[in-house]
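J.: Following this line is coords-v1.tsv, made up of TSV, C-alpha atoms and all ligand atoms:
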chain	number	residue	atom	x	y	z
A	9	MET	CA	-41.24	7.79	-10.64
A	10	SER	CA	-38.73	6.20	-8.30
A	11	GLY	CA	-35.05	7.10	-8.62
A	12	LEU	CA	-32.14	4.81	-9.26
A	13	THR	CA	-31.24	2.76	-6.18
A	14	TYR	CA	-27.82	2.06	-4.70
A	15	ARG	CA	-28.45	-1.63	-5.25
A	16	ASP	CA	-29.20	-1.19	-8.96
A	17	TYR	CA	-26.55	1.43	-9.68
A	18	LEU	CA	-23.78	-0.72	-8.21
A	19	ARG	CA	-25.30	-4.04	-9.28
A	20	ILE	CA	-24.87	-5.25	-5.75
A	21	ASP	CA	-26.84	-8.46	-6.32
A	22	SER	CA	-24.51	-9.54	-9.14
A	23	LEU	CA	-21.45	-8.50	-7.17
A	24	LEU	CA	-22.41	-10.45	-4.07
A	25	SER	CA	-23.44	-13.54	-6.00
A	26	ILE	CA	-20.03	-14.48	-7.41
A	27	GLN	CA	-18.16	-15.69	-4.32
A	28	ASP	CA	-18.58	-19.35	-5.21
A	29	THR	CA	-16.84	-21.41	-2.58
A	30	ARG	CA	-15.91	-24.92	-3.66
A	31	THR	CA	-15.67	-26.47	-0.21
A	32	PRO	CA	-18.62	-28.90	0.12
A	33	GLU	CA	-21.58	-27.43	2.03
A	34	THR	CA	-21.31	-30.31	4.48
A	35	ALA	CA	-17.88	-29.08	5.63
A	36	ASP	CA	-17.22	-27.10	8.79
A	37	THR	CA	-18.52	-23.51	8.51
A	38	ALA	CA	-15.07	-22.19	9.50
A	39	VAL	CA	-13.55	-23.78	6.38
A	40	ILE	CA	-16.26	-22.39	4.09
A	41	LEU	CA	-15.84	-18.92	5.61
A	42	ALA	CA	-12.05	-19.09	5.24
A	43	GLU	CA	-12.43	-19.96	1.56
A	44	HIS	CA	-14.95	-17.11	1.21
A	45	PHE	CA	-12.37	-14.73	2.69
A	46	PHE	CA	-9.72	-16.06	0.26
A	47	ILE	CA	-12.04	-15.48	-2.72
A	48	VAL	CA	-13.07	-11.97	-1.58
A	49	ALA	CA	-9.41	-10.95	-1.14
A	50	HIS	CA	-8.59	-12.14	-4.67
A	51	GLN	CA	-11.68	-10.68	-6.31
A	52	ALA	CA	-11.21	-7.33	-4.56
A	53	SER	CA	-7.55	-7.32	-5.69
A	54	GLU	CA	-8.63	-7.88	-9.30
A	55	LEU	CA	-11.13	-5.01	-9.03
A	56	TRP	CA	-8.50	-2.61	-7.69
A	57	LEU	CA	-6.10	-3.85	-10.36
A	58	LYS	CA	-8.65	-2.89	-12.97
A	59	GLN	CA	-8.65	0.67	-11.60
A	60	ILE	CA	-4.84	0.81	-11.38
A	61	ILE	CA	-4.42	-0.37	-14.98
A	62	ALA	CA	-7.01	2.14	-16.22
A	63	ASP	CA	-5.31	4.98	-14.34
A	64	LEU	CA	-1.79	4.05	-15.45
A	65	SER	CA	-2.91	3.67	-19.07
A	66	ALA	CA	-4.61	7.07	-18.89
A	67	ALA	CA	-1.44	8.52	-17.35
A	68	ALA	CA	0.68	7.13	-20.22
A	69	GLU	CA	-1.81	8.55	-22.70
A	70	SER	CA	-1.75	11.98	-21.00
A	71	LEU	CA	2.04	12.09	-20.88
A	72	ALA	CA	2.62	11.02	-24.48
A	73	PRO	CA	3.10	13.89	-26.94
A	74	LYS	CA	0.14	14.45	-29.22
A	75	LYS	CA	0.04	13.99	-33.01
A	76	PRO	CA	2.20	16.37	-35.03
A	77	GLY	CA	0.54	19.68	-35.85
A	78	ASP	CA	0.85	21.43	-39.24
A	79	ASP	CA	4.39	22.53	-38.38
A	80	GLY	CA	5.44	18.91	-37.81
A	81	GLU	CA	6.27	19.66	-34.15
A	82	LEU	CA	4.95	17.29	-31.52
A	83	ASP	CA	2.59	18.94	-29.05
A	84	ALA	CA	3.48	18.25	-25.43
A	85	GLY	CA	1.00	15.98	-23.66
A	86	GLU	CA	-0.79	16.90	-20.45
A	87	PRO	CA	1.66	15.98	-17.70
A	88	GLU	CA	-0.45	17.61	-14.94
A	89	LEU	CA	-3.28	15.28	-15.84
A	90	GLY	CA	-0.76	12.44	-15.80
A	91	VAL	CA	0.19	13.41	-12.24
A	92	GLU	CA	-3.44	13.15	-11.17
A	93	TYR	CA	-3.80	9.64	-12.59
A	94	LEU	CA	-0.43	8.49	-11.26
A	95	SER	CA	-1.22	9.79	-7.81
A	96	ARG	CA	-4.48	7.83	-7.64
A	97	ALA	CA	-2.85	4.66	-8.99
A	98	ASN	CA	-0.19	4.96	-6.31
A	99	ASP	CA	-2.81	5.26	-3.54
A	100	VAL	CA	-4.74	2.28	-4.86
A	101	LEU	CA	-1.55	0.19	-5.05
A	102	LEU	CA	-1.15	0.82	-1.32
A	103	VAL	CA	-4.72	-0.45	-0.79
A	104	LEU	CA	-3.84	-3.56	-2.79
A	105	HIS	CA	-0.89	-4.13	-0.48
A	106	GLU	CA	-2.98	-3.69	2.71
A	107	GLN	CA	-5.55	-6.07	1.29
A	108	LEU	CA	-2.95	-8.75	0.65
A	109	ILE	CA	-1.73	-8.49	4.23
A	110	THR	CA	-5.21	-9.39	5.54
A	111	LEU	CA	-4.64	-12.88	4.13
A	112	GLU	CA	-1.97	-13.41	6.77
A	113	LYS	CA	-4.97	-13.96	9.06
A	114	LEU	CA	-6.08	-16.96	7.01
A	115	PRO	CA	-5.80	-19.81	9.54
A	116	LEU	CA	-3.36	-22.39	8.22
A	117	ARG	CA	-5.42	-25.46	9.12
A	118	LEU	CA	-8.46	-24.04	7.29
A	119	PHE	CA	-6.39	-23.06	4.23
A	120	ALA	CA	-4.96	-26.58	4.14
A	121	GLU	CA	-8.51	-27.94	4.16
A	122	PHE	CA	-9.88	-25.94	1.23
A	123	ARG	CA	-6.65	-25.58	-0.83
A	124	PRO	CA	-7.16	-28.87	-2.75
A	125	TYR	CA	-10.35	-27.35	-4.23
A	126	LEU	CA	-8.28	-24.65	-5.95
A	127	ASP	CA	-6.96	-27.43	-8.18
A	128	THR	CA	-4.54	-25.79	-10.68
A	129	ALA	CA	-5.96	-22.25	-10.34
A	130	SER	CA	-3.21	-19.78	-9.44
A	131	GLY	CA	-2.58	-16.04	-9.18
A	132	ALA	CA	0.21	-16.65	-11.70
A	133	GLU	CA	-2.58	-16.80	-14.31
A	134	SER	CA	-3.81	-13.28	-13.49
A	135	ALA	CA	-4.09	-11.54	-16.87
A	136	GLN	CA	-4.39	-8.14	-15.19
A	137	PHE	CA	-1.13	-8.61	-13.29
A	138	LYS	CA	0.59	-9.28	-16.62
A	139	VAL	CA	-0.87	-6.08	-18.07
A	140	LEU	CA	0.31	-4.16	-14.99
A	141	SER	CA	3.83	-5.55	-15.21
A	142	ASN	CA	3.97	-4.57	-18.92
A	143	LEU	CA	2.91	-1.04	-18.06
A	144	LEU	CA	5.52	-0.76	-15.32
A	145	GLY	CA	8.42	-2.63	-16.94
A	146	ASP	CA	11.29	-3.88	-14.80
A	147	ASP	CA	14.97	-3.33	-14.12
A	148	GLU	CA	15.93	-4.31	-17.68
A	149	ARG	CA	12.90	-3.41	-19.77
A	150	PRO	CA	11.20	-0.02	-19.90
A	151	GLY	CA	7.42	-0.31	-19.64
A	152	GLU	CA	4.84	1.64	-21.60
A	153	LEU	CA	4.58	4.23	-18.84
A	154	TYR	CA	8.29	5.03	-18.74
A	155	GLU	CA	8.41	5.24	-22.53
A	156	ALA	CA	5.60	7.81	-22.43
A	157	PHE	CA	7.54	9.76	-19.79
A	158	CYS	CA	10.70	9.78	-21.94
A	159	ALA	CA	8.65	11.04	-24.91
A	160	ALA	CA	7.03	13.70	-22.70
A	161	THR	CA	10.39	15.06	-21.54
A	162	ALA	CA	11.76	15.05	-25.11
A	163	ALA	CA	8.69	16.94	-26.40
A	164	ALA	CA	9.26	19.52	-23.64
A	165	GLY	CA	12.88	19.98	-24.78
A	166	THR	CA	14.41	18.22	-21.82
A	167	SER	CA	15.34	14.65	-20.87
A	168	VAL	CA	14.84	12.27	-17.98
A	169	ALA	CA	18.52	12.70	-17.06
A	170	GLU	CA	18.06	16.49	-16.83
A	171	VAL	CA	14.88	16.10	-14.78
A	172	CYS	CA	16.76	13.85	-12.34
A	173	ARG	CA	19.54	16.36	-12.07
A	174	ASP	CA	17.41	19.49	-11.76
A	175	GLY	CA	14.90	18.09	-9.23
A	176	VAL	CA	12.10	20.49	-8.25
A	177	ARG	CA	13.30	23.00	-10.85
A	178	SER	CA	11.94	20.57	-13.48
A	179	GLY	CA	8.41	21.20	-12.17
A	180	VAL	CA	5.76	18.80	-13.35
A	181	HIS	CA	8.26	16.36	-14.89
A	182	HIS	CA	9.98	16.06	-11.54
A	183	ARG	CA	6.62	15.27	-9.92
A	184	VAL	CA	5.96	12.60	-12.55
A	185	ALA	CA	9.39	11.03	-11.94
A	186	GLU	CA	8.79	10.95	-8.18
A	187	LEU	CA	5.38	9.34	-8.63
A	188	LEU	CA	6.78	6.70	-10.99
A	189	LEU	CA	9.26	5.76	-8.28
A	190	ASP	CA	6.53	5.72	-5.61
A	191	ILE	CA	4.48	3.42	-7.82
A	192	GLY	CA	7.47	1.19	-8.62
A	193	ASN	CA	8.29	0.86	-4.94
A	194	ALA	CA	4.66	0.18	-4.00
A	195	TYR	CA	4.54	-2.60	-6.62
A	196	TRP	CA	7.80	-4.00	-5.26
A	197	ARG	CA	6.36	-3.92	-1.70
A	198	TRP	CA	3.32	-5.87	-2.90
A	199	LYS	CA	5.58	-8.52	-4.46
A	200	VAL	CA	7.73	-8.84	-1.34
A	201	ALA	CA	4.60	-9.03	0.88
A	202	HIS	CA	3.14	-11.68	-1.45
A	203	LEU	CA	6.32	-13.73	-1.17
A	204	GLY	CA	6.16	-13.42	2.64
A	205	LEU	CA	2.48	-14.39	2.69
A	206	MET	CA	3.08	-17.34	0.39
A	207	SER	CA	6.04	-18.57	2.38
A	208	ARG	CA	4.22	-18.41	5.73
A	209	SER	CA	1.19	-20.17	4.23
A	210	LEU	CA	2.95	-22.84	2.18
A	211	GLY	CA	6.56	-23.13	3.32
A	212	GLN	CA	8.38	-25.24	0.74
A	213	GLN	CA	5.21	-26.61	-0.89
A	214	LEU	CA	4.75	-26.27	-4.64
A	215	GLY	CA	2.30	-23.64	-5.90
A	216	THR	CA	-1.03	-24.62	-7.44
A	217	ALA	CA	0.45	-23.66	-10.85
A	218	GLY	CA	3.20	-26.22	-10.15
A	219	SER	CA	5.97	-23.69	-9.51
A	220	THR	CA	8.56	-24.05	-6.74
A	221	GLY	CA	6.59	-21.41	-4.81
A	222	ALA	CA	8.96	-19.29	-2.69
A	223	MET	CA	11.98	-19.91	-4.97
A	224	TYR	CA	9.93	-19.04	-8.05
A	225	LEU	CA	8.48	-15.86	-6.55
A	226	ALA	CA	11.86	-14.72	-5.21
A	227	GLY	CA	13.23	-15.02	-8.76
A	228	ARG	CA	10.38	-12.86	-10.04
A	229	LEU	CA	11.18	-9.87	-7.81
A	230	THR	CA	12.07	-7.01	-10.09
A	231	MET	CA	12.20	-3.24	-9.63
A	232	PRO	CA	10.20	-1.26	-12.18
A	233	PHE	CA	11.75	1.84	-13.78
A	234	GLY	CA	15.30	0.51	-13.84
A	235	GLU	CA	16.57	3.22	-16.19
A	236	LEU	CA	15.09	6.01	-14.08
A	237	ARG	CA	16.85	4.62	-10.99
A	238	LYS	CA	20.11	4.34	-12.95
A	239	LEU	CA	19.88	7.94	-14.17
A	240	ARG	CA	19.23	9.14	-10.61
A	241	GLY	CA	22.28	7.22	-9.44
A	242	GLU	CA	24.38	8.95	-12.09
A	243	VAL	CA	23.51	12.34	-10.58
A	244	HIS	CA	25.87	11.45	-7.69
A	245	ALA	CA	28.73	10.84	-10.15
A	246	GLN	CA	28.02	14.12	-11.96
A	247	PHE	CA	28.04	16.10	-8.71
A	248	ALA	CA	31.18	14.31	-7.53
A	249	ALA	CA	32.94	15.17	-10.84
A	250	GLU	CA	31.83	18.81	-10.61
A	251	HIS	CA	32.92	18.93	-6.99
A	252	SER	CA	36.43	17.68	-7.79
A	253	GLU	CA	36.70	20.08	-10.76
A	254	ARG	CA	35.75	22.97	-8.46
A	255	SER	CA	38.27	21.88	-5.82
A	256	ALA	CA	41.01	21.62	-8.46
A	257	ALA	CA	40.12	25.09	-9.81
A	258	ASP	CA	40.07	26.56	-6.25
A	259	HIS	CA	43.43	24.99	-5.56
A	260	THR	CA	44.97	26.52	-8.74
A	261	ALA	CA	43.44	29.94	-8.09
A	262	ARG	CA	44.45	30.08	-4.40
A	263	PRO	CA	47.55	32.33	-4.03
A	264	THR	CA	50.65	30.84	-2.35
A	265	ALA	CA	51.66	32.27	1.10
A	266	GLY	CA	54.71	34.13	-0.35
A	267	HIS	CA	52.67	35.63	-3.18
A	268	SER	CA	50.01	36.96	-0.80
A	269	GLU	CA	52.66	38.54	1.44
A	270	GLN	CA	54.12	40.32	-1.59
A	271	THR	CA	50.66	41.54	-2.60
A	272	ALA	CA	50.00	42.78	0.93
A	273	ALA	CA	53.31	44.64	0.94
A	301	LIG	C1	-2.71	-17.20	0.93
A	301	LIG	C2	-2.64	-16.44	-0.13
A	301	LIG	C3	-1.75	-16.71	-1.34
A	301	LIG	C4	-0.89	-17.74	-1.59
A	301	LIG	C5	-0.55	-18.93	-0.70
A	301	LIG	C6	-0.33	-17.52	-2.90
A	301	LIG	C7	0.58	-18.36	-3.52
A	301	LIG	C8	1.16	-18.15	-4.73
A	301	LIG	C9	2.14	-19.01	-5.36
A	301	LIG	C10	2.70	-20.28	-4.76
A	301	LIG	C11	2.45	-18.48	-6.55
A	301	LIG	C12	3.44	-19.05	-7.59
A	301	LIG	C13	2.74	-19.67	-8.75
A	301	LIG	C14	2.15	-21.03	-8.43
A	301	LIG	O1	2.87	-22.04	-8.53
A	301	LIG	O2	0.96	-21.11	-8.07
A	301	LIG	C15	1.67	-17.26	-6.70
A	301	LIG	C16	1.74	-16.40	-7.77
A	301	LIG	C17	1.00	-15.26	-7.88
A	301	LIG	N1	-0.02	-14.86	-7.04
A	301	LIG	FE1	-0.41	-15.56	-5.22
A	301	LIG	N2	-0.85	-16.36	-3.41
A	301	LIG	C18	-1.73	-15.85	-2.50
A	301	LIG	C19	-2.49	-14.69	-2.64
A	301	LIG	C20	-2.54	-13.91	-3.76
A	301	LIG	C21	-3.39	-12.75	-3.95
A	301	LIG	C22	-4.41	-12.18	-2.95
A	301	LIG	C23	-3.15	-12.29	-5.19
A	301	LIG	C24	-3.84	-11.13	-5.83
A	301	LIG	C25	-4.52	-11.23	-6.95
A	301	LIG	C26	-2.13	-13.13	-5.79
A	301	LIG	C27	-1.59	-12.96	-7.04
A	301	LIG	C28	-0.54	-13.69	-7.54
A	301	LIG	C29	0.19	-13.33	-8.74
A	301	LIG	C30	-0.05	-12.10	-9.61
A	301	LIG	C31	1.17	-14.30	-8.94
A	301	LIG	C32	2.22	-14.30	-10.04
A	301	LIG	C33	3.43	-13.53	-9.48
A	301	LIG	C34	4.61	-13.42	-10.41
A	301	LIG	O3	4.63	-14.08	-11.45
A	301	LIG	O4	5.53	-12.69	-10.06
A	301	LIG	N3	-1.79	-14.10	-4.89
A	301	LIG	N4	0.89	-17.10	-5.58
Give the structure from this file in structure tokens form.
T.:
Amino acid sequence: MSGLTYRDYLRIDSLLSIQDTRTPETADTAVILAEHFFIVAHQASELWLKQIIADLSAAAESLAPKKPGDDGELDAGEPELGVEYLSRANDVLLVLHEQLITLEKLPLRLFAEFRPYLDTASGAESAQFKVLSNLLGDDERPGELYEAFCAATAAAGTSVAEVCRDGVRSGVHHRVAELLLDIGNAYWRWKVAHLGLMSRSLGQQLGTAGSTGAMYLAGRLTMPFGELRKLRGEVHAQFAAEHSERSAADHTARPTAGHSEQTAA
């Protein structure tokens, strides 16, 4: 009996059969290959997005407190497991970014030749990107992931504000917070790189979805985990307030020169 093959396990034939270029076969090979490259970059991005979404959803699930037990108390989730998922999602987001950058090598004249065949198809229609942005949230709206983190800290008897303030002393919750920020920044880097790529490839041209292109994308740049960033910023104010309270107390407690002379005598 023959064992399972690489080709069958990974369904390589199906995978390699879906790069359907639309440039007519009679066109220059360079144009067809450039379109092939464009399709591979997009399809690979969607595949990695699938992994990122699965990992971030699993992270949210792991962080969220579990159903109440008999005593009505919420059981803490599994934040260490959450860290594992978040860490992988962060690494894959970096791959997504690197992959996008390869499209900077798409020769302009060849892109201009095959672009009309895209018709109205646009990355703006990517359903997976919408799911990702809902998971991550933005500077005004907490996403599903951040909500799970807030619930996890509450179930552990702490809060995100305390975790920000206590840093490494908050253990696993601190590691989660750091990873959320890594992920938020990696997502932001992808968006900025995409804007740069778009602007060098299209200039002021409209997008295939009919948007203003660069202007539209610039307006869509948002930082995930806005509340977490705000709470971290507030740590500076808390330390500054404590610092000035300490200085005022030191000043009051410090003996005057005359008083210390009397004491010495
Ligand atoms: C040469 C390469 C690319 C160009 C010129 C380009 C261009 C554009 C433009 C002009 C838009 C605005 C919507 C429109 O009017 O069409 C857009 C949106 C978008 N594109 Fe791309 N894109 C490129 C590569 C990619 C890749 C590789 C992905 C990965 C899947 C991608 C994903 C997206 C997403 C998710 C949006 C929506 C962004 C948002 O709403 O913030 N694009 N793209």
J.: Please give me, as an NGL selection string, the residues lying within 9 Å of ligand LIG 301 (chain A) when counting all atoms listed in the file.
T.: :A and (46-54 or 57 or 104 or 107-112 or 114 or 116 or 119 or 128-138 or 141 or 199 or 202-203 or 205-210 or 213-230)
J.: A:Ala72, A:Ala169, A:Leu23, A:Leu118: which is nearest A:Val39, counting only C-alpha atoms?
T.: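 Nearest candidate to A:Val39 out of A:Ala72, A:Ala169, A:Leu23, A:Leu118: A:Leu118.
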J.: Find the smallest box with edges along x, y and z containing every listed atom of stretch 176-195 of chain A, then add 8 Å on each side and report centre and edge lengths in Å to one decimal, as lines of an AutoDock Vina configuration file.
T.:
center_x = 8.9
center_y = 10.2
center_z = -9.4
size_x = 24.8
size_y = 41.6
size_z = 26.9
J.: Which residues, protein or nucleic acid, reach to within 10 Å of (3.1, -2.5, -20.5) in the file's coordinates when using all atoms listed in the file, and can you give that as a PyMOL selection string?
T.: chain A and resi 61+64-65+68+138-145+149-155
J.: Which residue gives the smallest distance to A:Ala42 among A:Val100, A:Ala245, A:Leu239, A:Ala120, with only C-alpha atoms counted?
T.: A:Ala120
J.: In Å, how far is it from atom CA of A:Arg237 to atom CA of A:Leu189?
T.: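 If I compute the distance from atom CA of A:Arg237 to atom CA of A:Leu189, I get 8.1 Å.
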J.: When you look at A:Leu188 with a cut-off of 9 Å (counting only C-alpha atoms), what residues show up, excluding the ones that are within fewer than 3 positions of it in the same chain? I need them as a tab-separated table (two decimals) with C-alpha atoms, in the coordinates of the input.
T.:
chain	number	residue	atom	x	y	z
A	94	LEU	CA	-0.43	8.49	-11.26
A	98	ASN	CA	-0.19	4.96	-6.31
A	144	LEU	CA	5.52	-0.76	-15.32
A	153	LEU	CA	4.58	4.23	-18.84
A	154	TYR	CA	8.29	5.03	-18.74
A	183	ARG	CA	6.62	15.27	-9.92
A	184	VAL	CA	5.96	12.60	-12.55
A	185	ALA	CA	9.39	11.03	-11.94
A	191	ILE	CA	4.48	3.42	-7.82
A	192	GLY	CA	7.47	1.19	-8.62
A	193	ASN	CA	8.29	0.86	-4.94
A	232	PRO	CA	10.20	-1.26	-12.18
A	233	PHE	CA	11.75	1.84	-13.78
A	236	LEU	CA	15.09	6.01	-14.08
J.: Can you fill out stretch 24-47 of chain A with N, CA and C atoms and hand it back as a PDB file, in the frame of the given file?
T.:
ATOM      1  N   LEU A  24     -22.447  -9.572  -5.246  1.00  0.00           N
ATOM      2  CA  LEU A  24     -22.410 -10.450  -4.070  1.00  0.00           C
ATOM      3  C   LEU A  24     -22.758 -11.905  -4.390  1.00  0.00           C
ATOM      4  N   SER A  25     -23.036 -12.167  -5.665  1.00  0.00           N
ATOM      5  CA  SER A  25     -23.440 -13.540  -6.000  1.00  0.00           C
ATOM      6  C   SER A  25     -22.304 -14.352  -6.620  1.00  0.00           C
ATOM      7  N   ILE A  26     -21.103 -13.771  -6.678  1.00  0.00           N
ATOM      8  CA  ILE A  26     -20.030 -14.480  -7.410  1.00  0.00           C
ATOM      9  C   ILE A  26     -18.912 -15.003  -6.505  1.00  0.00           C
ATOM     10  N   GLN A  27     -19.182 -15.128  -5.212  1.00  0.00           N
ATOM     11  CA  GLN A  27     -18.160 -15.690  -4.320  1.00  0.00           C
ATOM     12  C   GLN A  27     -18.479 -17.192  -4.146  1.00  0.00           C
ATOM     13  N   ASP A  28     -18.188 -17.929  -5.203  1.00  0.00           N
ATOM     14  CA  ASP A  28     -18.580 -19.350  -5.210  1.00  0.00           C
ATOM     15  C   ASP A  28     -17.541 -20.231  -4.531  1.00  0.00           C
ATOM     16  N   THR A  29     -17.767 -20.515  -3.280  1.00  0.00           N
ATOM     17  CA  THR A  29     -16.840 -21.410  -2.580  1.00  0.00           C
ATOM     18  C   THR A  29     -16.993 -22.823  -3.136  1.00  0.00           C
ATOM     19  N   ARG A  30     -15.885 -23.556  -3.129  1.00  0.00           N
ATOM     20  CA  ARG A  30     -15.910 -24.920  -3.660  1.00  0.00           C
ATOM     21  C   ARG A  30     -15.871 -25.965  -2.559  1.00  0.00           C
ATOM     22  N   THR A  31     -15.635 -25.536  -1.332  1.00  0.00           N
ATOM     23  CA  THR A  31     -15.670 -26.470  -0.210  1.00  0.00           C
ATOM     24  C   THR A  31     -17.104 -27.028  -0.120  1.00  0.00           C
ATOM     25  N   PRO A  32     -17.254 -28.349   0.041  1.00  0.00           N
ATOM     26  CA  PRO A  32     -18.620 -28.900   0.120  1.00  0.00           C
ATOM     27  C   PRO A  32     -19.429 -28.263   1.262  1.00  0.00           C
ATOM     28  N   GLU A  33     -20.720 -28.071   1.027  1.00  0.00           N
ATOM     29  CA  GLU A  33     -21.580 -27.430   2.030  1.00  0.00           C
ATOM     30  C   GLU A  33     -21.625 -28.184   3.339  1.00  0.00           C
ATOM     31  N   THR A  34     -21.283 -29.478   3.270  1.00  0.00           N
ATOM     32  CA  THR A  34     -21.310 -30.310   4.480  1.00  0.00           C
ATOM     33  C   THR A  34     -20.089 -30.054   5.379  1.00  0.00           C
ATOM     34  N   ALA A  35     -19.118 -29.320   4.851  1.00  0.00           N
ATOM     35  CA  ALA A  35     -17.880 -29.080   5.630  1.00  0.00           C
ATOM     36  C   ALA A  35     -18.152 -28.113   6.775  1.00  0.00           C
ATOM     37  N   ASP A  36     -17.173 -28.028   7.666  1.00  0.00           N
ATOM     38  CA  ASP A  36     -17.220 -27.100   8.790  1.00  0.00           C
ATOM     39  C   ASP A  36     -17.403 -25.667   8.280  1.00  0.00           C
ATOM     40  N   THR A  37     -18.276 -24.903   8.933  1.00  0.00           N
ATOM     41  CA  THR A  37     -18.520 -23.510   8.510  1.00  0.00           C
ATOM     42  C   THR A  37     -17.224 -22.695   8.480  1.00  0.00           C
ATOM     43  N   ALA A  38     -16.327 -22.965   9.438  1.00  0.00           N
ATOM     44  CA  ALA A  38     -15.070 -22.190   9.500  1.00  0.00           C
ATOM     45  C   ALA A  38     -14.272 -22.354   8.207  1.00  0.00           C
ATOM     46  N   VAL A  39     -14.306 -23.536   7.618  1.00  0.00           N
ATOM     47  CA  VAL A  39     -13.550 -23.780   6.380  1.00  0.00           C
ATOM     48  C   VAL A  39     -14.215 -23.010   5.228  1.00  0.00           C
ATOM     49  N   ILE A  40     -15.533 -23.082   5.167  1.00  0.00           N
ATOM     50  CA  ILE A  40     -16.260 -22.390   4.090  1.00  0.00           C
ATOM     51  C   ILE A  40     -16.021 -20.882   4.188  1.00  0.00           C
ATOM     52  N   LEU A  41     -16.058 -20.362   5.427  1.00  0.00           N
ATOM     53  CA  LEU A  41     -15.840 -18.920   5.610  1.00  0.00           C
ATOM     54  C   LEU A  41     -14.417 -18.514   5.258  1.00  0.00           C
ATOM     55  N   ALA A  42     -13.461 -19.386   5.575  1.00  0.00           N
ATOM     56  CA  ALA A  42     -12.050 -19.090   5.240  1.00  0.00           C
ATOM     57  C   ALA A  42     -11.896 -19.048   3.723  1.00  0.00           C
ATOM     58  N   GLU A  43     -12.534 -19.970   3.021  1.00  0.00           N
ATOM     59  CA  GLU A  43     -12.430 -19.960   1.560  1.00  0.00           C
ATOM     60  C   GLU A  43     -13.117 -18.702   1.000  1.00  0.00           C
ATOM     61  N   HIS A  44     -14.241 -18.326   1.625  1.00  0.00           N
ATOM     62  CA  HIS A  44     -14.950 -17.110   1.210  1.00  0.00           C
ATOM     63  C   HIS A  44     -14.023 -15.897   1.328  1.00  0.00           C
ATOM     64  N   PHE A  45     -13.319 -15.814   2.438  1.00  0.00           N
ATOM     65  CA  PHE A  45     -12.370 -14.730   2.690  1.00  0.00           C
ATOM     66  C   PHE A  45     -11.278 -14.721   1.610  1.00  0.00           C
ATOM     67  N   PHE A  46     -10.765 -15.902   1.279  1.00  0.00           N
ATOM     68  CA  PHE A  46      -9.720 -16.060   0.260  1.00  0.00           C
ATOM     69  C   PHE A  46     -10.233 -15.545  -1.101  1.00  0.00           C
ATOM     70  N   ILE A  47     -11.455 -15.897  -1.429  1.00  0.00           N
ATOM     71  CA  ILE A  47     -12.040 -15.480  -2.720  1.00  0.00           C
ATOM     72  C   ILE A  47     -12.255 -13.957  -2.734  1.00  0.00           C
TER      73      ILE A  47
END
